[in-house]
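Notes follow once the structure below has been shown.
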Amino acid sequence: MDTMAAASPLPEIRSVTVKSVLSRSGISGIDYSLNPYIGCLFGCRYCYADFVARYRGRTEPWGTFVDIKSNAPEMLRRELGRRAPGRVSLSLVTDPYQGVEREARITRRCLEALAEAPAFAVSILTRSTLVARDADLFGRMPDIEVGMSVPTGDDAVRRITEPRAPAIEARLAALRRLKAAGVRTYAFVGPLLPMDPRDLARRLLGAVDWVLLDRLNYSWKIRDLLRRPGWSRVLAPDWLAEVRGAFAEELAPAGIACHYVGREAPSAGAEGGRR
Ligand code: SF4
């Protein structure tokens, strides 16, 4: 579990069984949500998904536990046979490629089931370079897009806000590998953390087909953190406009569409698969 090296205290990892894995989504364009895990060991400081801990009756701090849904692939196969076709998002409240996936392979086995059900489209969103492992599988799926969360291009910021997630350049390299393999890729740039937007936009060239910006309503969670010297710019009302302008200028000439939440997005995954 290389991506969990900074985990402290020791993470609690359990295996559980579930009665179903496909949840109807209320998000526009996303028909189903599929979460192979409960909890997330990346433990990003602004994560909105921590409500899952309360919902599941967990008292441990968010980011210190994960339940592996060990029978998720089998349950998914059953459900795909009786559900109406639609778009499946992995994942809205966990990271499907967090470190435990390397050995557990629940996400991979769920995707294998989805590959056998081509009427279902798939949107993936992760922070993990492990996603590149499954390039072979993505190549067998007729309608799939793979997104990488890249809320900043600055690793100094990343080390404070999401210290257990892979370095930014490693994420971009994984996107480049997938795109080179013919997979449709996107970057989810949200929440908009401190960054040099022009630099990040340039680094996305050759890595993605499109970009989604989302400021998100995150600031209350890390407002104190954002008051660090040099970070408060992200709280300004025009921060999104500044980032949008820089991204559009850098990416439009290369034909890379740049969308932002609040207007149309090119796919359901873009609109819904954000954490
Ligand atoms: S934002 Fe995503 S990767 Fe980070 S802790 Fe939440 S679910 Fe995990």
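By convention in this document, the chains of the structure tokens carry letters A, B, ... by their order, each chain's residues are numbered from 1, and ligands are numbered from 1 in the order they are shown.
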For this session: Please write out the residues within 9 Å of ligand 1 as a ChimeraX atom specification, counting only C-alpha atoms and all ligand atoms.
Result: /A:39-50,62-63,91-98,125-128,149,162,164-165,274-275
Exercise. Mind checking DSSP for segment 46-261 of chain A and telling me the strand (DSSP E) residues as a PyMOL selection string?
Worked result: chain A and resi 65-69+87-90+121-126+144-149+184-189+210-213+257-260
Problem set entry | Best match for closeness to Val157 of chain A among A:Val183, A:Val211, A:Leu225, A:Met141, counting only C-alpha atoms |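 Using only C-alpha atoms, the shortest distance to Val157 of chain A belongs to A:Leu225.
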For this session: Would you kindly return, as a PyMOL selection string, each protein, DNA or RNA residue with an atom no farther than 10 Å from any atom of segment 100-111 of chain A, considering only C-alpha atoms and excluding same-chain residues fewer than 4 positions away?
Result: chain A and resi 1-4+13+15+21+34-37+40-41+66-77+90-91+95-96+115-117+122+130-131+133-134+137-138+141
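The smallest atom-to-atom distance between Thr59 of chain A and any of A:Glu12, A:Asp136, A:Glu169, A:Glu250, using only C-alpha atoms, is found for A:Glu12.
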For this session: Measure the distance from atom CA of Arg228 of chain A to atom CA of Pro197 of chain A in Å and round it to one decimal.
Result: 18.6 Å
